[in-house]
Amino acid sequence: MKDEILSRIQKNFPLVARPFEAIANELNISEDEVLDVLQEQKRSNIIRQTSAIFDTKRLGYISSLVAFKISADKISDAVKIINSHPGISHNYERNHDFNIWFTLAVAPDSKLGLEKTLEVLAQATGAEDYIMLPTLKLFKINVKLNTTGKDEKKEEVKRVKHTDIELTPLHHAVIRAAQYDIEMTQEPFKKIVDTLNIDYDTFFSILNELQKAGVMRRFASILNHRKAGFSANAMVVWDVDEEKGEEVGERAAAFSAVSHCYLRPKYENWPYNLFTMVHGKNTDETNAIIAEMASEIDSKSHMPLYSSREFKKVRIEYFTPEFETWEEKYIK
């Protein structure tokens, strides 16, 4: 039953006053049983965070995947400098000459902007080289680990048409509150609605509005991959013909084990333009998935980049003063 509950909270999290009661009713168990399991999984750090997951771009932030080439003796200091930026959400060491991989976002009112921020970080870290890999086309972003072993190998990736929205001060207040981890209690949203001085209907109505507009991707739990038993997670990069990029990207995104799938630019020193994150319980399982993908994907070559060290994995905190504070240290 634990695996069923963990599977359920990664999907459509019930946006109701008592979400764990709703999950219990679906699984024909008691609310207390659900809470007992989730509280234990939280204590064990298997559940990393349960919160709203927002679309950085639709909030006005500019972001990119970045790869730095850092000499081994400088990695420790470089990581501290990179991680000090509040727009760094993920930072890993991977098995390649470009060895430090991170995602960077800058705020809508950034004075430096994305490219200048990267120049500052490259200089401060002593990077020998770097490449900026912004998203050209997003096919899929949906982390759902197959905890039950019952998920199909393929899944339909639906294209969603988003509604237009003009964010009000109340929208911003809800975004700031909903981006943080909720507690595993009967009414986990009570603190938020009390703090904002709104009722549940208003709160859930705004979250649903944000989701329809694509500002909120979803509300869900994210698991700690390794602690949940998925220890072999590879960023697989593919060299595909640019004119076939969309067709191949859609095919790759259909694999359930793929959580992220993007088209990114190529460079003279980087021929790979399709990026897929593949999750498996061990290297053999992940490699088997990659091999199956390779048999169906029209690519010139591909390369799995496994992470050897995780330096940072957090959610960006939106609409906070830390971005401006960081820039003030580096603007001369």
# chains A, B, ... in the order shown; residues from 1 in each chain; ligands from 1

$ closest_atom_pairs --of "range 222-303 of chain A" --to "range 56-70 of chain A" --cutoff "12 Å" --atoms "only C-alpha atoms" --output "Markdown table"
| residue | atom | partner | partner_atom | distance |
| --- | --- | --- | --- | --- |
| A:Met235 | CA | A:Leu65 | CA | 11.9 |
| A:Tyr262 | CA | A:Leu65 | CA | 10.6 |
| A:Leu263 | CA | A:Leu65 | CA | 11.4 |
| A:Arg264 | CA | A:Leu65 | CA | 9.0 |
| A:Pro265 | CA | A:Leu65 | CA | 10.8 |
| A:Asn269 | CA | A:Ala67 | CA | 11.8 |
| A:Trp270 | CA | A:Ala67 | CA | 10.5 |
| A:Phe275 | CA | A:Leu65 | CA | 10.5 |

$ write_last_selection --atoms "all heavy atoms" --output "compact mmCIF listing (two decimals), in the first residue's frame"
# COMPACT_ATOMS: atom_id res chain seq x y z
N MET A 235 21.03 11.50 -17.68
CA MET A 235 20.66 12.51 -18.68
C MET A 235 21.21 11.99 -20.00
O MET A 235 22.43 11.96 -20.20
CB MET A 235 21.25 13.87 -18.33
CG MET A 235 20.84 14.96 -19.32
SD MET A 235 21.45 16.60 -18.85
CE MET A 235 23.19 16.41 -19.27
N TYR A 262 13.58 17.61 -23.93
CA TYR A 262 13.71 18.94 -24.52
C TYR A 262 14.56 18.90 -25.78
O TYR A 262 15.47 18.08 -25.91
CB TYR A 262 14.47 19.90 -23.57
CG TYR A 262 13.97 20.05 -22.18
CD1 TYR A 262 14.42 19.21 -21.17
CD2 TYR A 262 13.10 21.09 -21.84
CE1 TYR A 262 14.00 19.39 -19.86
CE2 TYR A 262 12.69 21.28 -20.54
CZ TYR A 262 13.13 20.42 -19.55
OH TYR A 262 12.72 20.60 -18.25
N LEU A 263 14.32 19.85 -26.67
CA LEU A 263 15.26 20.17 -27.73
C LEU A 263 16.07 21.38 -27.29
O LEU A 263 15.51 22.35 -26.76
CB LEU A 263 14.53 20.51 -29.04
CG LEU A 263 14.21 19.39 -30.02
CD1 LEU A 263 13.52 19.96 -31.24
CD2 LEU A 263 15.47 18.62 -30.43
N ARG A 264 17.40 21.31 -27.50
CA ARG A 264 18.29 22.40 -27.12
C ARG A 264 19.23 22.67 -28.29
O ARG A 264 19.33 21.85 -29.21
CB ARG A 264 19.06 22.03 -25.84
CG ARG A 264 18.16 21.71 -24.64
CD ARG A 264 18.99 21.54 -23.37
NE ARG A 264 18.20 21.08 -22.23
CZ ARG A 264 17.48 21.85 -21.44
NH1 ARG A 264 17.42 23.15 -21.66
NH2 ARG A 264 16.82 21.34 -20.41
N PRO A 265 19.96 23.78 -28.29
CA PRO A 265 20.84 24.08 -29.42
C PRO A 265 22.08 23.19 -29.48
O PRO A 265 22.52 22.64 -28.48
CB PRO A 265 21.25 25.55 -29.18
CG PRO A 265 21.07 25.76 -27.71
CD PRO A 265 19.93 24.88 -27.29
N ASN A 269 31.34 22.35 -30.36
CA ASN A 269 31.91 21.44 -29.36
C ASN A 269 30.84 20.65 -28.62
O ASN A 269 31.12 20.01 -27.61
CB ASN A 269 32.77 22.22 -28.36
CG ASN A 269 31.98 23.31 -27.63
OD1 ASN A 269 30.85 23.64 -28.02
ND2 ASN A 269 32.56 23.86 -26.57
N TRP A 270 29.60 20.69 -29.15
CA TRP A 270 28.51 19.95 -28.50
C TRP A 270 27.46 19.60 -29.55
O TRP A 270 26.60 20.42 -29.89
CB TRP A 270 27.89 20.78 -27.37
CG TRP A 270 26.86 19.99 -26.61
CD1 TRP A 270 25.51 20.05 -26.76
CD2 TRP A 270 27.10 18.96 -25.64
NE1 TRP A 270 24.89 19.14 -25.94
CE2 TRP A 270 25.84 18.46 -25.23
CE3 TRP A 270 28.26 18.44 -25.07
CZ2 TRP A 270 25.73 17.45 -24.29
CZ3 TRP A 270 28.14 17.42 -24.12
CH2 TRP A 270 26.89 16.94 -23.74
N PHE A 275 17.54 16.17 -25.32
CA PHE A 275 17.90 15.81 -23.95
C PHE A 275 16.75 15.06 -23.30
O PHE A 275 15.61 15.54 -23.31
CB PHE A 275 18.21 17.06 -23.11
CG PHE A 275 19.52 17.72 -23.43
CD1 PHE A 275 19.76 18.26 -24.69
CD2 PHE A 275 20.52 17.80 -22.47
CE1 PHE A 275 20.98 18.87 -24.98
CE2 PHE A 275 21.74 18.40 -22.75
CZ PHE A 275 21.96 18.94 -24.00

$ closest_atom_pairs --of "range 39-119 of chain A" --to "range 1-13 of chain A" --cutoff "10 Å" --atoms "only C-alpha atoms" --output "Markdown table"
| residue | atom | partner | partner_atom | distance |
| --- | --- | --- | --- | --- |
| A:Gln41 | CA | A:Leu6 | CA | 8.8 |
| A:Ile46 | CA | A:Leu6 | CA | 9.4 |
| A:Ile47 | CA | A:Leu6 | CA | 8.4 |
| A:Thr50 | CA | A:Ile9 | CA | 8.4 |
| A:Ser51 | CA | A:Phe13 | CA | 9.3 |
| A:Ala52 | CA | A:Phe13 | CA | 9.6 |

$ closest_residue --among "A:Thr202, A:Asn95, A:Asn273, A:Thr185" --to "Val240 in chain A" --atoms "only C-alpha atoms"
A:Asn273

$ residues_around --residues "range 113-128 of chain A" --least-positions-apart "5" --cutoff "10 Å" --atoms "only C-alpha atoms" --output "PyMOL selection string"
chain A and resi 61-64+66-71+74-82+85+98+100+104-108+327+330-331

$ residues_around --residues "Ile141 in chain A" --least-positions-apart "3" --cutoff "9 Å" --atoms "only C-alpha atoms" --output "list in words"
Leu138, Arg217, Ala253, Val258, Ser259, His260, Cys261 and Tyr262 of chain A

$ write_last_selection --atoms "all heavy atoms" --output "tab-separated table (two decimals), in the first residue's frame"
chain	number	residue	atom	x	y	z
A	138	LEU	N	9.95	22.20	-25.56
A	138	LEU	CA	9.67	21.31	-24.42
A	138	LEU	C	8.64	20.28	-24.85
A	138	LEU	O	7.56	20.62	-25.34
A	138	LEU	CB	9.14	22.13	-23.24
A	138	LEU	CG	8.49	21.35	-22.09
A	138	LEU	CD1	9.52	20.48	-21.38
A	138	LEU	CD2	7.84	22.31	-21.09
A	217	ARG	N	2.44	24.12	-13.13
A	217	ARG	CA	2.42	22.87	-13.90
A	217	ARG	C	1.49	21.86	-13.24
A	217	ARG	O	0.66	21.24	-13.88
A	217	ARG	CB	3.83	22.27	-13.98
A	217	ARG	CG	4.82	23.10	-14.77
A	217	ARG	CD	6.11	22.31	-14.96
A	217	ARG	NE	7.17	23.12	-15.50
A	217	ARG	CZ	7.33	23.42	-16.77
A	217	ARG	NH1	6.47	22.95	-17.65
A	217	ARG	NH2	8.34	24.16	-17.17
A	253	ALA	N	9.60	11.31	-25.67
A	253	ALA	CA	8.81	11.74	-24.51
A	253	ALA	C	7.75	10.71	-24.13
A	253	ALA	O	7.29	10.68	-22.98
A	253	ALA	CB	8.15	13.08	-24.80
A	258	VAL	N	10.94	8.36	-18.99
A	258	VAL	CA	11.50	9.68	-19.30
A	258	VAL	C	10.68	10.74	-18.57
A	258	VAL	O	9.47	10.85	-18.77
A	258	VAL	CB	11.48	9.94	-20.82
A	258	VAL	CG1	11.84	11.39	-21.14
A	258	VAL	CG2	12.43	8.99	-21.53
A	259	SER	N	11.36	11.51	-17.71
A	259	SER	CA	10.65	12.55	-16.96
A	259	SER	C	10.76	13.92	-17.63
A	259	SER	O	9.87	14.75	-17.51
A	259	SER	CB	11.21	12.64	-15.54
A	259	SER	OG	12.57	13.01	-15.55
A	260	HIS	N	11.88	14.17	-18.32
A	260	HIS	CA	12.12	15.44	-18.98
A	260	HIS	C	12.56	15.17	-20.42
A	260	HIS	O	13.37	14.28	-20.65
A	260	HIS	CB	13.22	16.25	-18.29
A	260	HIS	CG	12.95	16.59	-16.86
A	260	HIS	ND1	12.89	15.65	-15.86
A	260	HIS	CD2	12.73	17.80	-16.26
A	260	HIS	CE1	12.64	16.25	-14.71
A	260	HIS	NE2	12.54	17.55	-14.91
A	261	CYS	N	12.06	15.97	-21.36
A	261	CYS	CA	12.46	15.81	-22.75
A	261	CYS	C	12.42	17.18	-23.42
A	261	CYS	O	11.37	17.84	-23.45
A	261	CYS	CB	11.52	14.84	-23.46
A	261	CYS	SG	12.02	14.44	-25.15
A	262	TYR	N	13.58	17.61	-23.93
A	262	TYR	CA	13.71	18.94	-24.52
A	262	TYR	C	14.56	18.90	-25.78
A	262	TYR	O	15.47	18.08	-25.91
A	262	TYR	CB	14.47	19.90	-23.57
A	262	TYR	CG	13.97	20.05	-22.18
A	262	TYR	CD1	14.42	19.21	-21.17
A	262	TYR	CD2	13.10	21.09	-21.84
A	262	TYR	CE1	14.00	19.39	-19.86
A	262	TYR	CE2	12.69	21.28	-20.54
A	262	TYR	CZ	13.13	20.42	-19.55
A	262	TYR	OH	12.72	20.60	-18.25

$ closest_residue --among "A:Asp55, A:Glu40, A:Glu250, A:Glu243" --to "Phe139 in chain A" --atoms "only C-alpha atoms"
A:Glu250

$ closest_residue --among "A:Pro169, A:Glu187, A:Ile88, A:Lys161" --to "Glu322 in chain A" --atoms "only C-alpha atoms"
A:Ile88

$ select_by_dssp --residues "range 65-264 of chain A" --states "alpha helix (DSSP H)" --output "number ranges by chain"
A: 75-83, 113-125, 169-178, 190-196, 200-212, 245-253

$ atom_distance --atom1 "CA of Met277 in chain A" --atom2 "CA of Ala234 in chain A"
5.8 Å

$ closest_residue --among "A:Lys111, A:His90, A:Arg218, A:Lys190" --to "Pro14 in chain A" --atoms "only C-alpha atoms"
A:Arg218

$ select_by_dssp --residues "range 214-258 of chain A" --states "strand (DSSP E)" --output "list of chain:residue names"
A:Met216, A:Arg217, A:Arg218, A:Phe219, A:Ala220, A:Ser221, A:Ile222, A:Leu223, A:Ala232, A:Asn233, A:Ala234, A:Met235, A:Val236, A:Val237, A:Trp238, A:Asp239, A:Val258

$ write_last_selection --atoms "N, CA, C and O atoms" --output "CSV table (one decimal), in the first residue's frame"
chain,number,residue,atom,x,y,z
A,216,MET,N,1.2,27.3,-13.1
A,216,MET,CA,1.4,26.1,-12.2
A,216,MET,C,1.4,24.9,-13.1
A,216,MET,O,0.3,24.6,-13.7
A,217,ARG,N,2.4,24.1,-13.1
A,217,ARG,CA,2.4,22.9,-13.9
A,217,ARG,C,1.5,21.9,-13.2
A,217,ARG,O,0.7,21.2,-13.9
A,218,ARG,N,1.7,21.7,-11.9
A,218,ARG,CA,0.8,20.8,-11.2
A,218,ARG,C,1.2,20.9,-9.7
A,218,ARG,O,2.1,21.6,-9.3
A,219,PHE,N,0.3,20.4,-8.8
A,219,PHE,CA,0.6,20.3,-7.4
A,219,PHE,C,0.9,18.8,-7.1
A,219,PHE,O,0.1,17.9,-7.5
A,220,ALA,N,2.1,18.5,-6.6
A,220,ALA,CA,2.4,17.1,-6.4
A,220,ALA,C,3.6,16.9,-5.4
A,220,ALA,O,4.2,17.9,-5.1
A,221,SER,N,3.8,15.7,-5.1
A,221,SER,CA,5.0,15.3,-4.3
A,221,SER,C,6.1,14.9,-5.2
A,221,SER,O,5.9,14.2,-6.2
A,222,ILE,N,7.3,15.3,-4.9
A,222,ILE,CA,8.5,14.9,-5.6
A,222,ILE,C,9.3,14.0,-4.6
A,222,ILE,O,9.6,14.4,-3.5
A,223,LEU,N,9.7,12.9,-5.1
A,223,LEU,CA,10.5,11.9,-4.3
A,223,LEU,C,12.0,12.1,-4.5
A,223,LEU,O,12.4,12.5,-5.5
A,232,ALA,N,19.8,5.0,-10.5
A,232,ALA,CA,20.5,5.2,-11.8
A,232,ALA,C,19.6,6.1,-12.7
A,232,ALA,O,18.7,5.6,-13.4
A,233,ASN,N,19.9,7.4,-12.6
A,233,ASN,CA,19.2,8.4,-13.3
A,233,ASN,C,20.2,9.0,-14.3
A,233,ASN,O,21.2,9.6,-13.9
A,234,ALA,N,19.9,8.9,-15.6
A,234,ALA,CA,20.8,9.4,-16.6
A,234,ALA,C,20.2,10.5,-17.4
A,234,ALA,O,19.0,10.4,-17.8
A,235,MET,N,21.0,11.5,-17.7
A,235,MET,CA,20.7,12.5,-18.7
A,235,MET,C,21.2,12.0,-20.0
A,235,MET,O,22.4,12.0,-20.2
A,236,VAL,N,20.3,11.5,-20.9
A,236,VAL,CA,20.8,11.0,-22.1
A,236,VAL,C,20.6,12.1,-23.2
A,236,VAL,O,19.6,12.6,-23.4
A,237,VAL,N,21.7,12.3,-23.9
A,237,VAL,CA,21.7,13.3,-25.0
A,237,VAL,C,21.9,12.6,-26.3
A,237,VAL,O,22.6,11.7,-26.5
A,238,TRP,N,21.1,13.2,-27.3
A,238,TRP,CA,21.0,12.6,-28.6
A,238,TRP,C,21.3,13.6,-29.7
A,238,TRP,O,20.9,14.7,-29.6
A,239,ASP,N,22.0,13.1,-30.7
A,239,ASP,CA,22.3,14.0,-31.9
A,239,ASP,C,21.3,13.6,-32.9
A,239,ASP,O,21.4,12.6,-33.6
A,258,VAL,N,10.9,8.4,-19.0
A,258,VAL,CA,11.5,9.7,-19.3
A,258,VAL,C,10.7,10.7,-18.6
A,258,VAL,O,9.5,10.9,-18.8

$ atom_distance --atom1 "CA of Ser308 in chain A" --atom2 "CA of Gly87 in chain A"
22.1 Å

$ closest_residue --among "A:Ala254, A:Ile53, A:Val174, A:Ala72" --to "Thr195 in chain A" --atoms "only C-alpha atoms"
A:Val174

$ closest_residue --among "A:Gln179, A:Ser44, A:Asn287, A:Gln49" --to "Glu317 in chain A" --atoms "only C-alpha atoms"
A:Gln179
